[in-house]
Structure formats: C-alpha cells, structure tokens
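Participant: Take a look at protein_35.csv, CSV, C-alpha atoms:
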```csv
chain,number,residue,atom,x,y,z
A,867,MET,CA,22.6,-144.9,-48.6
A,868,GLN,CA,23.3,-146.6,-52.0
A,869,GLN,CA,24.8,-149.6,-50.2
A,870,ALA,CA,21.7,-149.9,-48.1
A,871,LEU,CA,19.5,-149.7,-51.2
A,872,SER,CA,21.7,-152.3,-52.9
A,873,ARG,CA,21.5,-154.6,-49.9
A,874,ARG,CA,17.7,-154.1,-49.8
A,875,GLU,CA,17.4,-154.9,-53.5
A,876,ARG,CA,19.5,-158.1,-53.1
A,877,MET,CA,17.3,-159.2,-50.2
A,878,ARG,CA,14.2,-158.5,-52.2
A,879,GLY,CA,15.6,-160.5,-55.1
A,880,PHE,CA,16.5,-163.4,-52.7
A,881,ASN,CA,13.0,-163.4,-51.2
A,882,GLN,CA,11.5,-163.3,-54.7
A,883,LYS,CA,13.1,-166.7,-55.3
A,884,PHE,CA,10.8,-168.3,-52.7
A,885,ILE,CA,7.6,-166.8,-54.0
A,886,VAL,CA,5.5,-169.4,-55.8
A,887,GLU,CA,4.3,-168.1,-59.2
A,888,VAL,CA,0.6,-168.6,-59.5
A,889,ARG,CA,-1.0,-169.7,-62.8
A,890,GLN,CA,-4.6,-168.8,-63.6
A,891,LEU,CA,-6.3,-171.8,-65.3
A,892,PRO,CA,-9.8,-172.7,-66.4
A,893,ALA,CA,-11.6,-174.9,-63.9
A,894,SER,CA,-11.7,-177.7,-66.5
A,895,THR,CA,-7.9,-177.6,-67.1
A,896,ARG,CA,-7.1,-177.6,-63.3
A,897,ARG,CA,-9.5,-180.6,-62.9
A,898,SER,CA,-7.8,-182.4,-65.8
A,899,LEU,CA,-4.4,-182.0,-64.1
A,900,TYR,CA,-5.7,-183.6,-60.9
A,901,ILE,CA,-7.3,-186.4,-62.9
A,902,TRP,CA,-4.0,-187.0,-64.8
A,903,ALA,CA,-2.1,-187.0,-61.5
A,904,ALA,CA,-4.4,-189.5,-59.9
A,905,ALA,CA,-4.4,-191.7,-63.0
A,906,LEU,CA,-0.6,-191.8,-63.2
A,907,ALA,CA,-0.2,-192.5,-59.5
A,908,ILE,CA,-2.9,-195.2,-59.4
A,909,THR,CA,-1.7,-196.9,-62.6
A,910,GLY,CA,1.9,-196.9,-61.4
A,911,LEU,CA,1.0,-198.2,-57.9
A,912,VAL,CA,-1.2,-201.0,-59.3
A,913,PHE,CA,1.5,-202.1,-61.8
A,914,PHE,CA,4.1,-202.0,-59.1
A,915,LEU,CA,2.0,-204.1,-56.7
A,916,ILE,CA,1.4,-206.7,-59.4
A,917,LEU,CA,5.1,-206.9,-60.1
A,918,LEU,CA,6.0,-207.0,-56.4
A,919,ILE,CA,3.5,-209.8,-55.6
A,920,ASP,CA,4.8,-211.8,-58.6
A,921,VAL,CA,8.4,-211.3,-57.5
A,922,LEU,CA,7.7,-212.2,-53.9
A,923,GLN,CA,6.0,-215.4,-55.0
A,924,HIS,CA,8.3,-216.6,-57.7
A,925,GLN,CA,11.6,-214.5,-57.4
A,926,THR,CA,12.0,-214.9,-61.2
A,927,SER,CA,8.9,-213.8,-63.0
A,928,ALA,CA,7.6,-215.4,-66.2
A,929,LEU,CA,8.2,-212.1,-67.9
A,930,ASP,CA,12.0,-212.2,-67.1
A,931,ALA,CA,13.6,-215.2,-68.7
A,932,PRO,CA,12.3,-214.9,-72.3
A,933,PHE,CA,13.3,-211.2,-72.7
A,934,ALA,CA,16.7,-211.6,-70.9
A,935,ALA,CA,17.5,-214.7,-73.1
A,936,TRP,CA,16.6,-212.8,-76.2
A,937,LEU,CA,18.9,-210.0,-75.3
A,938,ALA,CA,21.7,-212.5,-74.4
A,939,LYS,CA,21.5,-213.8,-78.0
A,940,SER,CA,22.2,-210.3,-79.4
A,941,HIS,CA,25.5,-209.8,-77.5
A,942,SER,CA,28.3,-208.4,-79.6
A,943,PRO,CA,31.5,-206.4,-78.7
A,944,THR,CA,30.2,-203.2,-80.3
A,945,LEU,CA,26.8,-203.4,-78.7
A,946,THR,CA,28.3,-204.3,-75.4
A,947,SER,CA,30.5,-201.2,-75.5
A,948,VAL,CA,27.4,-199.1,-76.3
A,949,MET,CA,25.5,-200.6,-73.4
A,950,ILE,CA,28.3,-200.0,-71.0
A,951,TRP,CA,28.5,-196.3,-72.0
A,952,LEU,CA,24.7,-196.0,-71.5
A,953,ALA,CA,25.0,-197.7,-68.1
A,954,ILE,CA,27.7,-195.2,-67.1
A,955,ILE,CA,25.7,-192.2,-68.3
A,956,PHE,CA,22.6,-193.4,-66.4
A,957,GLY,CA,24.6,-194.8,-63.5
A,958,PRO,CA,25.2,-193.6,-59.9
A,959,VAL,CA,28.1,-191.3,-60.7
A,960,VAL,CA,27.3,-189.4,-63.9
A,961,LEU,CA,23.5,-189.1,-63.6
A,962,PRO,CA,23.6,-187.6,-60.0
A,963,ILE,CA,26.2,-185.0,-61.3
A,964,VAL,CA,23.9,-184.1,-64.2
A,965,VAL,CA,20.9,-183.8,-61.9
A,966,LEU,CA,22.9,-181.6,-59.5
A,967,ILE,CA,24.1,-179.4,-62.3
A,968,VAL,CA,20.6,-179.0,-63.7
A,969,ILE,CA,19.1,-178.2,-60.2
A,970,VAL,CA,21.8,-175.7,-59.2
A,971,ALA,CA,21.8,-174.0,-62.6
A,972,TRP,CA,18.0,-173.8,-62.7
A,973,SER,CA,17.9,-172.5,-59.2
A,974,PHE,CA,20.4,-169.8,-60.0
A,975,PHE,CA,18.8,-168.6,-63.2
A,976,ALA,CA,15.1,-169.1,-62.5
A,977,ARG,CA,13.1,-166.3,-61.0
A,978,HIS,CA,11.5,-168.8,-58.6
A,979,LEU,CA,12.8,-171.9,-56.8
A,980,TRP,CA,9.6,-173.8,-56.8
A,981,ARG,CA,10.2,-176.0,-59.8
A,982,PRO,CA,13.9,-176.9,-59.2
A,983,LEU,CA,12.9,-177.7,-55.6
A,984,LEU,CA,10.2,-180.0,-56.9
A,985,LEU,CA,12.6,-181.7,-59.1
A,986,ALA,CA,15.1,-182.2,-56.2
A,987,GLY,CA,12.3,-183.4,-54.0
A,988,GLY,CA,11.1,-185.9,-56.5
A,989,MET,CA,14.6,-187.3,-57.1
A,990,LEU,CA,15.2,-187.6,-53.4
A,991,THR,CA,11.9,-189.4,-52.9
A,992,GLY,CA,12.8,-191.9,-55.6
A,993,LEU,CA,16.2,-192.5,-54.0
A,994,ILE,CA,14.7,-193.1,-50.5
A,995,ILE,CA,12.0,-195.4,-51.9
A,996,VAL,CA,14.5,-197.6,-53.9
A,997,GLN,CA,16.8,-197.9,-50.9
A,998,ILE,CA,13.9,-199.1,-48.7
A,999,VAL,CA,12.2,-201.4,-51.2
A,1000,THR,CA,15.4,-203.2,-52.4
A,1001,ARG,CA,16.2,-204.1,-48.8
A,1002,LEU,CA,12.7,-205.2,-47.9
A,1003,VAL,CA,12.3,-207.4,-51.1
A,1004,GLY,CA,15.9,-208.7,-51.1
A,1005,ARG,CA,15.7,-210.0,-54.7
A,1006,ALA,CA,18.9,-211.5,-56.1
A,1007,ARG,CA,20.4,-210.1,-59.3
A,1008,PRO,CA,20.9,-212.4,-62.4
A,1009,PRO,CA,23.9,-214.8,-62.0
A,1010,VAL,CA,27.3,-213.1,-61.7
A,1011,ASP,CA,28.6,-214.9,-64.8
A,1012,GLN,CA,26.1,-213.0,-66.9
A,1013,MET,CA,27.3,-209.5,-65.7
A,1014,LEU,CA,29.4,-207.8,-68.4
A,1015,PHE,CA,30.7,-204.8,-66.5
A,1016,GLY,CA,32.0,-206.1,-63.2
A,1017,THR,CA,30.3,-207.8,-60.3
A,1018,ASP,CA,27.4,-206.4,-58.4
A,1019,THR,CA,26.0,-208.3,-55.4
A,1020,THR,CA,23.5,-205.7,-54.2
A,1021,PHE,CA,19.7,-206.4,-54.4
A,1022,SER,CA,17.9,-206.1,-57.7
A,1023,PHE,CA,14.3,-205.0,-57.3
A,1024,PRO,CA,13.6,-202.3,-58.3
A,1025,SER,CA,16.4,-200.9,-60.5
A,1026,GLY,CA,17.9,-197.7,-59.0
A,1027,HIS,CA,19.5,-196.8,-62.3
A,1028,VAL,CA,16.2,-196.9,-64.1
A,1029,LEU,CA,14.2,-195.2,-61.3
A,1030,GLY,CA,16.7,-192.4,-61.2
A,1031,ALA,CA,16.6,-191.9,-65.0
A,1032,ALA,CA,12.8,-192.2,-65.1
A,1033,ASP,CA,12.3,-189.7,-62.3
A,1034,PHE,CA,14.7,-187.2,-63.8
A,1035,LEU,CA,13.4,-187.3,-67.4
A,1036,LEU,CA,9.7,-187.5,-66.6
A,1037,LEU,CA,9.8,-184.8,-63.9
A,1038,LEU,CA,11.9,-182.5,-66.0
A,1039,ALA,CA,9.6,-183.0,-69.0
A,1040,TYR,CA,6.6,-182.0,-66.8
A,1041,LEU,CA,8.2,-179.2,-64.9
A,1042,VAL,CA,9.5,-177.5,-68.0
A,1043,PHE,CA,6.7,-178.1,-70.5
A,1044,SER,CA,3.7,-177.7,-68.2
A,1045,ARG,CA,4.3,-173.9,-68.4
A,1046,ARG,CA,4.7,-173.8,-72.2
A,1047,GLY,CA,1.1,-174.1,-73.2
A,1048,THR,CA,2.1,-176.2,-76.2
A,1049,PRO,CA,0.6,-179.8,-75.8
A,1050,ARG,CA,2.3,-181.2,-78.9
A,1051,ILE,CA,5.8,-180.2,-77.7
A,1052,ALA,CA,5.0,-181.5,-74.2
A,1053,ALA,CA,3.9,-184.8,-75.7
A,1054,LEU,CA,7.1,-185.0,-77.8
A,1055,ALA,CA,9.1,-184.3,-74.6
A,1056,TYR,CA,7.4,-187.2,-72.8
A,1057,CYS,CA,8.0,-189.5,-75.8
A,1058,VAL,CA,11.7,-188.6,-75.8
A,1059,ALA,CA,11.8,-189.3,-72.0
A,1060,LEU,CA,10.1,-192.7,-72.4
A,1061,VAL,CA,12.5,-193.7,-75.2
A,1062,LEU,CA,15.5,-192.7,-73.1
A,1063,ILE,CA,14.1,-194.6,-70.1
A,1064,ALA,CA,13.6,-197.7,-72.3
A,1065,VAL,CA,17.2,-197.4,-73.5
A,1066,ALA,CA,18.5,-197.2,-69.9
A,1067,SER,CA,16.3,-200.2,-69.0
A,1068,VAL,CA,17.6,-202.3,-71.9
A,1069,SER,CA,21.2,-201.5,-71.1
A,1070,ARG,CA,20.8,-202.8,-67.5
A,1071,ILE,CA,19.1,-206.0,-68.6
A,1072,TYR,CA,21.5,-206.5,-71.5
A,1073,LEU,CA,24.6,-206.2,-69.2
A,1074,GLY,CA,23.1,-208.8,-66.9
A,1075,TYR,CA,22.5,-206.6,-63.8
A,1076,HIS,CA,18.7,-206.6,-63.7
A,1077,TRP,CA,15.6,-208.6,-64.6
A,1078,PRO,CA,13.1,-207.0,-66.9
A,1079,THR,CA,10.6,-206.8,-64.0
A,1080,ASP,CA,13.1,-204.7,-62.0
A,1081,ALA,CA,13.0,-202.0,-64.7
A,1082,LEU,CA,9.2,-202.2,-65.1
A,1083,ALA,CA,8.8,-201.8,-61.3
A,1084,SER,CA,11.1,-198.7,-61.4
A,1085,LEU,CA,9.0,-197.1,-64.2
A,1086,SER,CA,5.9,-197.9,-62.2
A,1087,LEU,CA,7.2,-196.2,-59.1
A,1088,SER,CA,8.3,-193.2,-61.2
A,1089,LEU,CA,4.7,-192.8,-62.5
A,1090,VAL,CA,3.6,-192.6,-58.8
A,1091,ILE,CA,6.2,-189.9,-58.1
A,1092,LEU,CA,5.3,-188.0,-61.3
A,1093,GLY,CA,1.6,-188.1,-60.3
A,1094,ALA,CA,2.3,-186.9,-56.8
A,1095,VAL,CA,4.5,-184.0,-58.2
A,1096,ILE,CA,1.8,-183.0,-60.7
A,1097,ALA,CA,-0.8,-183.0,-57.9
A,1098,ILE,CA,1.4,-180.9,-55.5
A,1099,ASP,CA,2.3,-178.5,-58.2
A,1100,THR,CA,-1.3,-178.1,-59.3
A,1101,HIS,CA,-2.5,-177.5,-55.8
A,1102,ARG,CA,0.3,-175.0,-55.0
A,1103,THR,CA,0.6,-173.0,-58.2
A,1104,THR,CA,-2.8,-173.0,-59.9
A,1105,ARG,CA,-5.9,-171.0,-59.3
A,1106,VAL,CA,-9.2,-171.1,-61.1
A,1107,ARG,CA,-9.6,-168.3,-63.6
A,1108,GLY,CA,-12.5,-166.2,-62.5
```
Do you think you could lay out the structure here as structure tokens?

Facilitator:
Amino acid sequence: MQQALSRRERMRGFNQKFIVEVRQLPASTRRSLYIWAAALAITGLVFFLILLIDVLQHQTSALDAPFAAWLAKSHSPTLTSVMIWLAIIFGPVVLPIVVLIVIVAWSFFARHLWRPLLLAGGMLTGLIIVQIVTRLVGRARPPVDQMLFGTDTTFSFPSGHVLGAADFLLLLAYLVFSRRGTPRIAALAYCVALVLIAVASVSRIYLGYHWPTDALASLSLSLVILGAVIAIDTHRTTRVRG
C-alpha cells in the first residue's frame, strides 16, 4: 500500500513538472509584454536584413574595416591571451556544456519545466538558424594570416559564437527575472548580458575570425529569438487579472 502511494506521489510530482504555471497580470502589463516582444523581433529583423543586404552586395561592409583595423593596432601578448580565453569560454565546447548544465539543473530543481524548455528551444532555434544562414550567405572570414588562435575556414556570417552567447544570456535574463517583479534588477541583468555579449563579440573580431557585421547580425537575430520567446511565454503563461 505504501509503495503504491509512493509511486503515485512520484507520478504526481513528475506530471507537475509539465504543468505551466499561470501568472495573473493587469491587462496593461500583458499588452506591454506583447509590444516589447514585437518591438524586439521587428528591430532585430530589420537590422539583420540591412546587414544581410549590405554583406550580399559588398561582402566587406564599410562598417568592418575601420573597427577591425583599430582592434588590430591594440594587439599585445597579454590582451591576446585574454581574448583567447574569452573565445574558449564562449566557444563551441565550453558554452554548450554550460548551457546543458544550466538546463539540466534548472529542469531538475524547478517545479515546472516550462522555462528551462523555453531556454533549450531558444538555443536550439539559434543553432539551426546560424547553420542555415552561414551556408546560404557563404561569406568568407577575414584573411587566415590575421587569425591568432588557429585556422578556421568555415563561413563567417553570422557569428555562431556571438549568437550562442547572446541567446543564452538574453534568454536567461528574461526567463529568470521576468518572474521577480523587480524592474531595476531585470534591467541590470540585461545590461550585464549586453556587456558580456559585447565582450564575446570583440574577442572574435580581435582574434581575426569575424567581421564586426557578423557579430551585429548575430545580436540582431538574438533579438528576434528573444522577442519570439517573450511572446510565446506571455501567451502561454499569463492571464488578465479580473
């Protein structure tokens, strides 16, 4: 009898994981979330299309050479070492491990799976998009002799490193702090995320693997994904407070 009850409780706890926790919000707050979601998605898409058209027409944008040249002048052994470590942290080995640990741990400890699943879905969406777009655009990376951490002959636009970092940091900031009810802390979290995204972007440009427009395109796509996640989350988890 006790074993049957215990089994039933475990099943109830497992089923509880898949229940979406509903938030009661004022109509104005819910409407604001949809507006923010649309604004982020539209802004990101417009900027991405502008960058894409520029790259398709010129391959090397007018935005690229001056910034890349300025970074090249600041090369030093110490700074190069720092940038290499940043590239490793935000790279295709360390960052996916960090993302996986966060999603698995969050799924295990959270009462509901909705938010960790949204994070996983957003990350997977970014990965699929970058694989498709890089092959369709086929933009060459900067010259091999400018690369400071080995040779990479894959396509350049947009940056998978930057898109992965941007998706993870922005989605995590939203999914964690959207439930806290403290706008100042949420704004601080977004600011920290943007600073880290900028650091990841600069490291890729400094090391000679990407053009500045590659990083800007990745951030633009990440804004589209963030807007989509906010809209989906708002539709699924919020109800107007009666």

Participant: For a test of reading the model, state the distance in Å between atom CA of Pro1009 of chain A and atom CA of Ile954 of chain A, rounded to one decimal.

Facilitator: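 One can read the atom CA of Pro1009 of chain A to atom CA of Ile954 of chain A distance as 20.6 Å.
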
Participant: Using all atoms listed in the file, which residue out of A:Ser942, A:Thr1048, A:Ser1086, A:Thr1103 lies closest to Leu1073 of chain A?

Facilitator: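 Distance minimum relative to Leu1073 of chain A lands on A:Ser942.
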
Participant: Could you check the closest approach to Arg1007 of chain A for each of A:Ala971, A:Ala1059, A:Leu1089, A:Ile1071 and tell me which residue wins, using only C-alpha atoms?

Facilitator: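 For Arg1007 of chain A, the nearest of the candidates is A:Ile1071.
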
Participant: Could you state the separation of atom CA of Ser1088 of chain A and atom CA of Asp920 of chain A in Å, given to one decimal place?

Facilitator: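 One can read the atom CA of Ser1088 of chain A to atom CA of Asp920 of chain A distance as 19.1 Å.
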
Participant: Report, in Å to a single decimal, how far apart atom CA of Gly1074 of chain A and atom CA of Tyr1056 of chain A are.

Facilitator: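 Taking atom CA of Tyr1056 of chain A and atom CA of Gly1074 of chain A, their separation equals 27.3 Å.
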
Participant: Neighbouring residues of segment 992-1005 of chain A were defined as those with any atom within 6 Å, considering all atoms listed in the file; residues of the same chain fewer than 5 positions away were excluded. Please report them as a list of chain:residue names.

Facilitator: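 My reading of the contact set: A:Phe1021, A:Ser1022, A:Phe1023.
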